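Beneath this line is the structure, given in structure tokens, with notes to follow.
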There are 2 protein chains.
Amino acid sequence: MSRKSRHEKPRRMNAFYAQSGGVTAVINASAAGVIEAAREHPKRIGKVFAGRNGIIGALTEDLIDTGKESGKAIAALKHTPSGAFGSCRYKLKGLDENRAEYERLIEVFRAHGIGYFFYNGGGDSADTCLKVSQLGESLGYPIQAIHVPKTVDNDLAVTDCCPGFGSVAKYVAVSIREAGFDVASMAKTSTKVFVLEVMGRHAGWIAAAGGLAAERDGDAPQVIVFPEVAFDETAFLARVQGSVEHNGYCAIVVSEGVRNAEGKFLAEAGTRDAFGHAQLGGVAPLLADLVKRKLGYKHHWAVADYLQRAARHIASATDLAQAYAVGRAAVELALEGENAVMPTIVRLRDEPYKWKVGKADLAEVANHEKFMPRDFISADGFHITKKCRRYLAPLIEGEAYPPYRDGLPRYVTLKNAAVRKKLAPFELKAK
Amino acid sequence: MSRKSRHEKPRRMNAFYAQSGGVTAVINASAAGVIEAAREHPKRIGKVFAGRNGIIGALTEDLIDTGKESGKAIAALKHTPSGAFGSCRYKLKGLDENRAEYERLIEVFRAHGIGYFFYNGGGDSADTCLKVSQLGESLGYPIQAIHVPKTVDNDLAVTDCCPGFGSVAKYVAVSIREAGFDVASMAKTSTKVFVLEVMGRHAGWIAAAGGLAAERDGDAPQVIVFPEVAFDETAFLARVQGSVEHNGYCAIVVSEGVRNAEGKFLAEAGTRDAFGHAQLGGVAPLLADLVKRKLGYKHHWAVADYLQRAARHIASATDLAQAYAVGRAAVELALEGENAVMPTIVRLRDEPYKWKVGKADLAEVANHEKFMPRDFISADGFHITKKCRRYLAPLIEGEAYPPYRDGLPRYVTLKNAAVRKKLAPFELKAK
């Protein structure tokens, strides 16, 4: 399905790389993969320019010369969370609505001899990447656009899993195991119910990962609340009470995206005060309060928020390896002449886990979202199935600790030297 | 100051050990220290009985025979968070008010040949421990009561620091560094302010530890909100705005115990709805909302809650070593004939950090709380001083990773075999 670029291209061109959307513990490992692989082909790829703050860097010609970074600094990206060049939430509109921005991209690429466009992001970015490739074709500019998959949400189509997810999955599984031990030891006279809120606005992959900690009957978490299952208060309270009565306590993982039967986010639906002001808290305090009011149990709750996706200190070695591999593969695909494609993770077997890097046509990725299969959620809607566990378990395997000094992880901050501008300024459209 | 027990004591007696109050990532390491040291002296110490759920286990004669646990299982306590025998929040009242409970303790000790009472907890437990020692004296029963220090709050007197604190300190410093990297990379088009709420109802030690991540000017966290400093909204907002303007973003650590100028907890004072119902959230969402309303910045917030004190996966090696050492030292002090004492951590030097185990009289510990010195907080009230950093830095040094299998830490769950009861049941007073 992938298309070879039809336009004549110089043998050696520069590359552009940018990070898009919410960052992860391992997106910089993909950056390292791209840059290190490019450096191995000096006859084909000249400089690698990074966009400062994602695609905005390309639009505003705010380019970073990664050639100024030492090999050691680039290697350190593998153990540094978040987006080293800055990310952005900036969705390019369709070609018809906003041709000027796409043309500007091509103009910037032309001015800086950029023939390779590596875009590291999720579903929206895949769409942008596809459009860039299409415009390159229609304007007769020889750009090869390769998407590098990244999202903690694990909702990208085609790829078996998505780099960034395995590490947040590991964080959540480790954290709920630890908190479970804590509440278990407090439950006799104090806290009986603990609620951990995790990310996942539309899909319950991250919440499901918490379920990995429950290896034996009675282990934490005893209850998982998914966005895929309409929240049933009665059933939920019965499950919580059952766990307290059976195990002495109940540890709960709840997805931020849980909705009521009317499809409204719980965190919004029930959380306006008498004046209609939005409530401040998330869904964890809401559920904790519900438990307190209806069952009378003392509770604690946590909201992990950015901690979960930035937690490079407990990243999954599998996830890290995959993030790095898709970065390298993007360059290799480009050098093979590919365009409008994305390297994917292909699962070869579950146990022992084996995977390889594959390839997907961007058109298959761009407008599709991957939801949790219904048979990954137990019949009662409050836990994961064995099938789900078989899928998730390998993704959190292995520890990949960053280096420490003075008790703190040593994350790299790059020089991010700006490339001299050659073009007139360009005004960004409002998002 | 310590007193040798005046009562005649058999050469060999059993020991009682219990865990009290909020648990930590390393309290089980103290348990391992007690049990391993006791096992090295079989001619002096017979069995080590653990109280199931702390002092309640002693009162209700619900004793655990730790002799049924293998050496491997006891060693595994060193890498297992929380309280392996169950903890409790149960404060024994004064002797005058509640002599029956103290007499019951002695009765249980007598029935099970217990001559050593090791109580692992914070300030309240130190007080209980002191009273047990006094009652032993007055009733003529030869009990030696040794307190083993434990609290994430670091508010125990005399000891330079308290086992349990170093690990939560490390968790908070690592987490805010990681979240800082995250928000820095999102700030251009999205989140500019991140708020992390940490424990510390009365003292800002834990919040202060977040400050360790700010090694260079501009590093996260840029703002720390302490319970020791009355919250000044105007000054706070100016600091946040200044950081966003200067660094592009602002990462904030806030102690749950922050109060307004009237001394009310912020999380309570401003969080009742029109009907007077208590607001669900903590102080992090409150501050985040304040920033949004007054400065218009997009925000994210996290509440670490139990995750911070259960985070054995990122425990401080220094903290772990100290927790284990005070457990061992408690047994050694007992064998030296000490009573009503607590092993302490004595700091010998800051750099390189050197410490040893010392000894404090319980009377000096029981009714004193250690607050942060004012000169540990910067003049503007929103960060730590160099002096504070010098104190805190060694406490988070070193990583002490637990073993992993299948991507998850392997924490031990003990058999916790019950000892056969010999006495009539005892009814607990309400707390």
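Here's how to read the names in the structure tokens: chain A, B, ... by the order shown, residue numbers from 1 in each chain, ligand numbers from 1 in the order shown.
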Practice item. List every residue of region 146-381 of chain B that DSSP, applied to the backbone of this structure, assigns to alpha helix (DSSP H), and report them as a PyMOL selection string. Key: chain B and resi 165-186+205-210+233-247+266-269+283-295+306-310+317-335+362-366
Report as CSV: every residue of chain B with an atom at most 6 Å from chain A, its closest pair of atoms, and their distance in Å to one decimal, counting only C-alpha atoms, with rows sorted by chain and ascending residue number.
```
residue,atom,partner,partner_atom,distance
B:Ser82,CA,A:Asp182,CA,4.9
B:Gly83,CA,A:Ser185,CA,5.3
B:Gly86,CA,A:Ser185,CA,4.2
B:Ser87,CA,A:Ser185,CA,5.4
B:Cys88,CA,A:Thr189,CA,5.5
B:Arg89,CA,A:Thr189,CA,5.8
B:Glu178,CA,A:Ala310,CA,5.3
B:Ala179,CA,A:Leu307,CA,5.7
B:Phe181,CA,A:Ser82,CA,5.9
B:Asp182,CA,A:Ser82,CA,4.9
B:Ser185,CA,A:Gly86,CA,4.2
B:Met186,CA,A:Ser87,CA,5.5
B:Thr189,CA,A:Cys88,CA,5.5
B:Leu280,CA,A:Pro285,CA,5.7
B:Gly281,CA,A:Gly281,CA,4.8
B:Pro285,CA,A:Leu280,CA,5.7
B:Ala302,CA,A:Val303,CA,5.1
B:Val303,CA,A:Val303,CA,4.9
B:Ala304,CA,A:Ala302,CA,5.4
B:Asp305,CA,A:Ala302,CA,5.3
B:Tyr306,CA,A:Ala179,CA,5.8
B:Leu307,CA,A:Ala179,CA,5.7
B:Ala310,CA,A:Glu178,CA,5.3
B:Ile396,CA,A:Gly407,CA,5.2
B:Glu397,CA,A:Gly407,CA,4.0
B:Gly398,CA,A:Gly407,CA,5.3
B:Asp406,CA,A:Glu397,CA,5.5
B:Gly407,CA,A:Glu397,CA,4.0
```
Check your understanding: Near region 218-235 of chain A, counting only C-alpha atoms, which residues have an atom at most 9 Å away, once you skip same-chain residues fewer than 4 positions from it, shown as a PyMOL selection string?
Key -> chain A and resi 173+176-181+200-205+207-208+210-214+239-240+243+246-247+249-263+265-266+290+371-372+374+377+380-384
For the selection just defined, write its residues with C-alpha atoms to a file, as a PDB file, in the first residue's frame.
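That gives us out_30.pdb:
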```pdb
ATOM      1  CA  ALA A 173       0.420  -1.388  37.533  1.00  0.00           C
ATOM      2  CA  ILE A 176      -1.685   0.366  42.292  1.00  0.00           C
ATOM      3  CA  ARG A 177       0.203  -2.663  43.584  1.00  0.00           C
ATOM      4  CA  GLU A 178       2.088  -0.437  46.015  1.00  0.00           C
ATOM      5  CA  ALA A 179      -0.972   1.548  47.056  1.00  0.00           C
ATOM      6  CA  GLY A 180      -2.836  -1.747  47.481  1.00  0.00           C
ATOM      7  CA  PHE A 181      -0.235  -2.949  49.957  1.00  0.00           C
ATOM      8  CA  GLY A 200      -7.696   7.581  29.136  1.00  0.00           C
ATOM      9  CA  ARG A 201     -10.383   9.961  27.970  1.00  0.00           C
ATOM     10  CA  HIS A 202     -11.849   7.598  25.383  1.00  0.00           C
ATOM     11  CA  ALA A 203     -10.265   4.191  25.814  1.00  0.00           C
ATOM     12  CA  GLY A 204      -9.526   2.163  28.925  1.00  0.00           C
ATOM     13  CA  TRP A 205      -6.122   0.802  27.958  1.00  0.00           C
ATOM     14  CA  ALA A 207      -6.893   1.634  33.410  1.00  0.00           C
ATOM     15  CA  ALA A 208      -6.751  -1.939  32.127  1.00  0.00           C
ATOM     16  CA  GLY A 210      -3.642  -1.470  36.391  1.00  0.00           C
ATOM     17  CA  GLY A 211      -5.301  -4.875  36.274  1.00  0.00           C
ATOM     18  CA  LEU A 212      -1.925  -6.514  35.637  1.00  0.00           C
ATOM     19  CA  ALA A 213      -1.097  -6.012  39.320  1.00  0.00           C
ATOM     20  CA  ALA A 214      -3.937  -8.373  40.281  1.00  0.00           C
ATOM     21  CA  ARG A 239     -18.274  -4.633  44.052  1.00  0.00           C
ATOM     22  CA  VAL A 240     -16.522  -2.280  46.449  1.00  0.00           C
ATOM     23  CA  SER A 243     -14.072  -6.528  48.228  1.00  0.00           C
ATOM     24  CA  HIS A 246     -13.814 -10.333  51.441  1.00  0.00           C
ATOM     25  CA  ASN A 247     -10.332  -8.767  51.368  1.00  0.00           C
ATOM     26  CA  TYR A 249     -10.117  -3.356  51.662  1.00  0.00           C
ATOM     27  CA  CYS A 250     -10.664  -2.278  48.075  1.00  0.00           C
ATOM     28  CA  ALA A 251      -8.193  -0.676  45.669  1.00  0.00           C
ATOM     29  CA  ILE A 252      -9.791   0.905  42.606  1.00  0.00           C
ATOM     30  CA  VAL A 253      -8.360   2.139  39.317  1.00  0.00           C
ATOM     31  CA  VAL A 254     -10.629   4.539  37.489  1.00  0.00           C
ATOM     32  CA  SER A 255     -10.183   5.990  34.041  1.00  0.00           C
ATOM     33  CA  GLU A 256     -10.659   9.752  33.829  1.00  0.00           C
ATOM     34  CA  GLY A 257     -12.991   9.116  30.911  1.00  0.00           C
ATOM     35  CA  VAL A 258     -15.652   7.111  32.730  1.00  0.00           C
ATOM     36  CA  ARG A 259     -19.161   8.106  31.687  1.00  0.00           C
ATOM     37  CA  ASN A 260     -22.649   7.668  33.026  1.00  0.00           C
ATOM     38  CA  ALA A 261     -25.488   5.892  31.213  1.00  0.00           C
ATOM     39  CA  GLU A 262     -26.278   9.112  29.325  1.00  0.00           C
ATOM     40  CA  GLY A 263     -22.751   9.195  27.959  1.00  0.00           C
ATOM     41  CA  PHE A 265     -18.244  12.238  31.683  1.00  0.00           C
ATOM     42  CA  LEU A 266     -18.775  11.444  35.349  1.00  0.00           C
ATOM     43  CA  LEU A 290     -19.635   8.235  46.720  1.00  0.00           C
ATOM     44  CA  PHE A 371     -10.625   0.735  21.148  1.00  0.00           C
ATOM     45  CA  MET A 372     -10.325  -1.985  23.744  1.00  0.00           C
ATOM     46  CA  ARG A 374     -15.063  -5.918  24.584  1.00  0.00           C
ATOM     47  CA  ILE A 377     -13.171  -6.489  29.906  1.00  0.00           C
ATOM     48  CA  ASP A 380     -19.234  -7.756  35.090  1.00  0.00           C
ATOM     49  CA  GLY A 381     -17.385  -4.781  33.592  1.00  0.00           C
ATOM     50  CA  PHE A 382     -15.025  -4.226  36.527  1.00  0.00           C
ATOM     51  CA  HIS A 383     -11.830  -6.063  35.620  1.00  0.00           C
ATOM     52  CA  ILE A 384      -9.723  -7.376  32.765  1.00  0.00           C
TER      53      ILE A 384
END
```
Practice item. Grab the CA of Ala330 (chain A) to CA of Ile35 (chain A) distance for me, in Å with one decimal place. Key: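 For CA of Ala330 (chain A) relative to CA of Ile35 (chain A), the distance reads 10.4 Å.
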Exercise for review: Write down as a list in words the residues of region 54-228 of chain A whose backbone DSSP state falls under strand (DSSP E).
Suggested key: Leu63, Ile64, Asp65, Ile114, Gly115, Tyr116, Phe117, Phe118, Tyr119, Asn120, Gly121, Gln144, Ala145, Ile146, His147, Val148, Pro149, Val193, Phe194, Val195, Leu196, Glu197, Val198, Val223, Ile224 and Val225 of chain A
Since we have the selection now, will you write its residues out, keeping N, CA, C and O atoms, as an mmCIF file, in the first residue's frame?
```
data_model
loop_
_atom_site.group_PDB
_atom_site.id
_atom_site.type_symbol
_atom_site.label_atom_id
_atom_site.label_comp_id
_atom_site.auth_asym_id
_atom_site.auth_seq_id
_atom_site.Cartn_x
_atom_site.Cartn_y
_atom_site.Cartn_z
ATOM 1 N N LEU A 63 13.667 26.314 13.598
ATOM 2 C CA LEU A 63 14.288 24.996 13.499
ATOM 3 C C LEU A 63 15.476 24.870 14.461
ATOM 4 O O LEU A 63 16.175 25.853 14.730
ATOM 5 N N ILE A 64 15.665 23.675 14.945
ATOM 6 C CA ILE A 64 16.785 23.376 15.847
ATOM 7 C C ILE A 64 17.783 22.513 15.075
ATOM 8 O O ILE A 64 17.397 21.538 14.429
ATOM 9 N N ASP A 65 19.038 22.866 15.153
ATOM 10 C CA ASP A 65 20.069 22.080 14.481
ATOM 11 C C ASP A 65 20.554 20.973 15.427
ATOM 12 O O ASP A 65 21.373 21.219 16.311
ATOM 13 N N ILE A 114 15.049 20.293 2.989
ATOM 14 C CA ILE A 114 14.485 19.169 3.747
ATOM 15 C C ILE A 114 13.722 18.226 2.820
ATOM 16 O O ILE A 114 12.760 18.630 2.165
ATOM 17 N N GLY A 115 14.159 16.996 2.778
ATOM 18 C CA GLY A 115 13.502 16.003 1.932
ATOM 19 C C GLY A 115 12.809 14.905 2.719
ATOM 20 O O GLY A 115 12.121 14.062 2.144
ATOM 21 N N TYR A 116 13.029 14.915 4.050
ATOM 22 C CA TYR A 116 12.428 13.878 4.900
ATOM 23 C C TYR A 116 11.676 14.541 6.050
ATOM 24 O O TYR A 116 12.225 15.391 6.752
ATOM 25 N N PHE A 117 10.452 14.144 6.224
ATOM 26 C CA PHE A 117 9.595 14.713 7.270
ATOM 27 C C PHE A 117 9.200 13.591 8.222
ATOM 28 O O PHE A 117 8.450 12.691 7.864
ATOM 29 N N PHE A 118 9.764 13.629 9.432
ATOM 30 C CA PHE A 118 9.456 12.610 10.443
ATOM 31 C C PHE A 118 8.594 13.244 11.524
ATOM 32 O O PHE A 118 9.033 14.172 12.205
ATOM 33 N N TYR A 119 7.387 12.742 11.651
ATOM 34 C CA TYR A 119 6.455 13.368 12.590
ATOM 35 C C TYR A 119 6.077 12.357 13.653
ATOM 36 O O TYR A 119 5.526 11.302 13.352
ATOM 37 N N ASN A 120 6.388 12.695 14.916
ATOM 38 C CA ASN A 120 6.281 11.760 16.037
ATOM 39 C C ASN A 120 5.063 12.103 16.881
ATOM 40 O O ASN A 120 5.094 13.025 17.680
ATOM 41 N N GLY A 121 3.966 11.363 16.642
ATOM 42 C CA GLY A 121 2.761 11.708 17.386
ATOM 43 C C GLY A 121 1.696 10.645 17.305
ATOM 44 O O GLY A 121 1.980 9.478 17.023
ATOM 45 N N GLN A 144 9.387 13.159 1.626
ATOM 46 C CA GLN A 144 8.891 11.860 2.091
ATOM 47 C C GLN A 144 8.441 12.039 3.534
ATOM 48 O O GLN A 144 9.242 12.436 4.386
ATOM 49 N N ALA A 145 7.189 11.773 3.800
ATOM 50 C CA ALA A 145 6.623 11.979 5.140
ATOM 51 C C ALA A 145 6.404 10.638 5.819
ATOM 52 O O ALA A 145 5.658 9.800 5.334
ATOM 53 N N ILE A 146 7.103 10.462 6.936
ATOM 54 C CA ILE A 146 7.013 9.208 7.687
ATOM 55 C C ILE A 146 6.511 9.528 9.094
ATOM 56 O O ILE A 146 7.057 10.413 9.760
ATOM 57 N N HIS A 147 5.501 8.826 9.506
ATOM 58 C CA HIS A 147 4.964 9.059 10.844
ATOM 59 C C HIS A 147 5.619 8.104 11.843
ATOM 60 O O HIS A 147 5.770 6.919 11.570
ATOM 61 N N VAL A 148 5.998 8.656 13.003
ATOM 62 C CA VAL A 148 6.593 7.834 14.062
ATOM 63 C C VAL A 148 5.556 7.731 15.181
ATOM 64 O O VAL A 148 5.186 8.740 15.768
ATOM 65 N N PRO A 149 5.072 6.518 15.470
ATOM 66 C CA PRO A 149 3.942 6.402 16.394
ATOM 67 C C PRO A 149 4.320 6.703 17.839
ATOM 68 O O PRO A 149 5.375 6.307 18.316
ATOM 69 N N VAL A 193 -10.768 2.043 51.448
ATOM 70 C CA VAL A 193 -10.938 2.149 49.994
ATOM 71 C C VAL A 193 -9.959 3.185 49.441
ATOM 72 O O VAL A 193 -9.834 4.289 49.979
ATOM 73 N N PHE A 194 -9.255 2.794 48.389
ATOM 74 C CA PHE A 194 -8.323 3.704 47.731
ATOM 75 C C PHE A 194 -8.690 3.782 46.247
ATOM 76 O O PHE A 194 -8.929 2.749 45.615
ATOM 77 N N VAL A 195 -8.725 4.997 45.722
ATOM 78 C CA VAL A 195 -9.082 5.198 44.319
ATOM 79 C C VAL A 195 -7.940 5.908 43.596
ATOM 80 O O VAL A 195 -7.500 6.978 44.024
ATOM 81 N N LEU A 196 -7.463 5.302 42.526
ATOM 82 C CA LEU A 196 -6.413 5.917 41.705
ATOM 83 C C LEU A 196 -6.999 6.280 40.343
ATOM 84 O O LEU A 196 -7.491 5.414 39.616
ATOM 85 N N GLU A 197 -6.934 7.559 40.023
ATOM 86 C CA GLU A 197 -7.425 8.012 38.715
ATOM 87 C C GLU A 197 -6.279 8.044 37.712
ATOM 88 O O GLU A 197 -5.215 8.596 37.976
ATOM 89 N N VAL A 198 -6.523 7.438 36.553
ATOM 90 C CA VAL A 198 -5.496 7.407 35.505
ATOM 91 C C VAL A 198 -6.043 7.996 34.212
ATOM 92 O O VAL A 198 -7.245 8.228 34.078
ATOM 93 N N VAL A 223 -11.081 -3.531 41.740
ATOM 94 C CA VAL A 223 -12.099 -2.943 40.858
ATOM 95 C C VAL A 223 -11.422 -1.999 39.859
ATOM 96 O O VAL A 223 -10.542 -1.218 40.233
ATOM 97 N N ILE A 224 -11.825 -2.104 38.602
ATOM 98 C CA ILE A 224 -11.376 -1.170 37.563
ATOM 99 C C ILE A 224 -12.620 -0.551 36.931
ATOM 100 O O ILE A 224 -13.583 -1.271 36.628
ATOM 101 N N VAL A 225 -12.587 0.755 36.759
ATOM 102 C CA VAL A 225 -13.737 1.437 36.153
ATOM 103 C C VAL A 225 -13.297 1.975 34.790
ATOM 104 O O VAL A 225 -12.420 2.836 34.707
#
```
Practice item. Please provide the set of residues having any atom within 6 Å of region 321-327 of chain B, restricted to only C-alpha atoms, with same-chain residues fewer than 4 positions apart removed, written as an MDAnalysis selection string. Key: chainID B and resid 29:30 33:34 163 343
Saved selection, atoms kept: C-alpha atoms, as a PDB file, in the first residue's frame:
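Generated file (out-v3.pdb):
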```
ATOM      1  CA  ALA B  29      12.841  -2.994  56.557  1.00  0.00           C
ATOM      2  CA  SER B  30      12.750  -2.028  60.244  1.00  0.00           C
ATOM      3  CA  GLY B  33      16.018  -5.504  61.209  1.00  0.00           C
ATOM      4  CA  VAL B  34      14.221  -6.411  64.442  1.00  0.00           C
ATOM      5  CA  PRO B 163      13.092   6.418  58.458  1.00  0.00           C
ATOM      6  CA  PRO B 343      17.368   4.431  68.351  1.00  0.00           C
TER       7      PRO B 343
END
```
**Study point:** One-decimal distance in Å that lies between CA of Gly248 (chain A) and CA of Leu295 (chain A)
**Key:** 13.7 Å
Point to revise | Counting only C-alpha atoms, the option among A:Ala126, A:Leu335, A:Leu77, A:Val48 closest to Lys9 (chain A) | key: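 Closest candidate: A:Leu335.
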Exercise for review: Point out the residue among B:Val26, B:Ala38, B:Leu392, B:Val331 with the least atom-to-atom distance to Gly164 (chain B), counting only C-alpha atoms.
Suggested key: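 Checking each of B:Val26, B:Ala38, B:Leu392, B:Val331 against Gly164 (chain B), counting only C-alpha atoms, the winner is B:Val26.
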Check your understanding: For the atom pair CA of Phe49 (chain B) and CA of Thr344 (chain B), what is the interatomic distance in Å to one decimal place?
Key -> 23.5 Å
Study note, to complete from the structure: Between A:Asp319, A:Asp350, A:Glu69, A:Asp96, smallest distance to Ala50 (chain A) by only C-alpha atoms belongs to A:Glu69
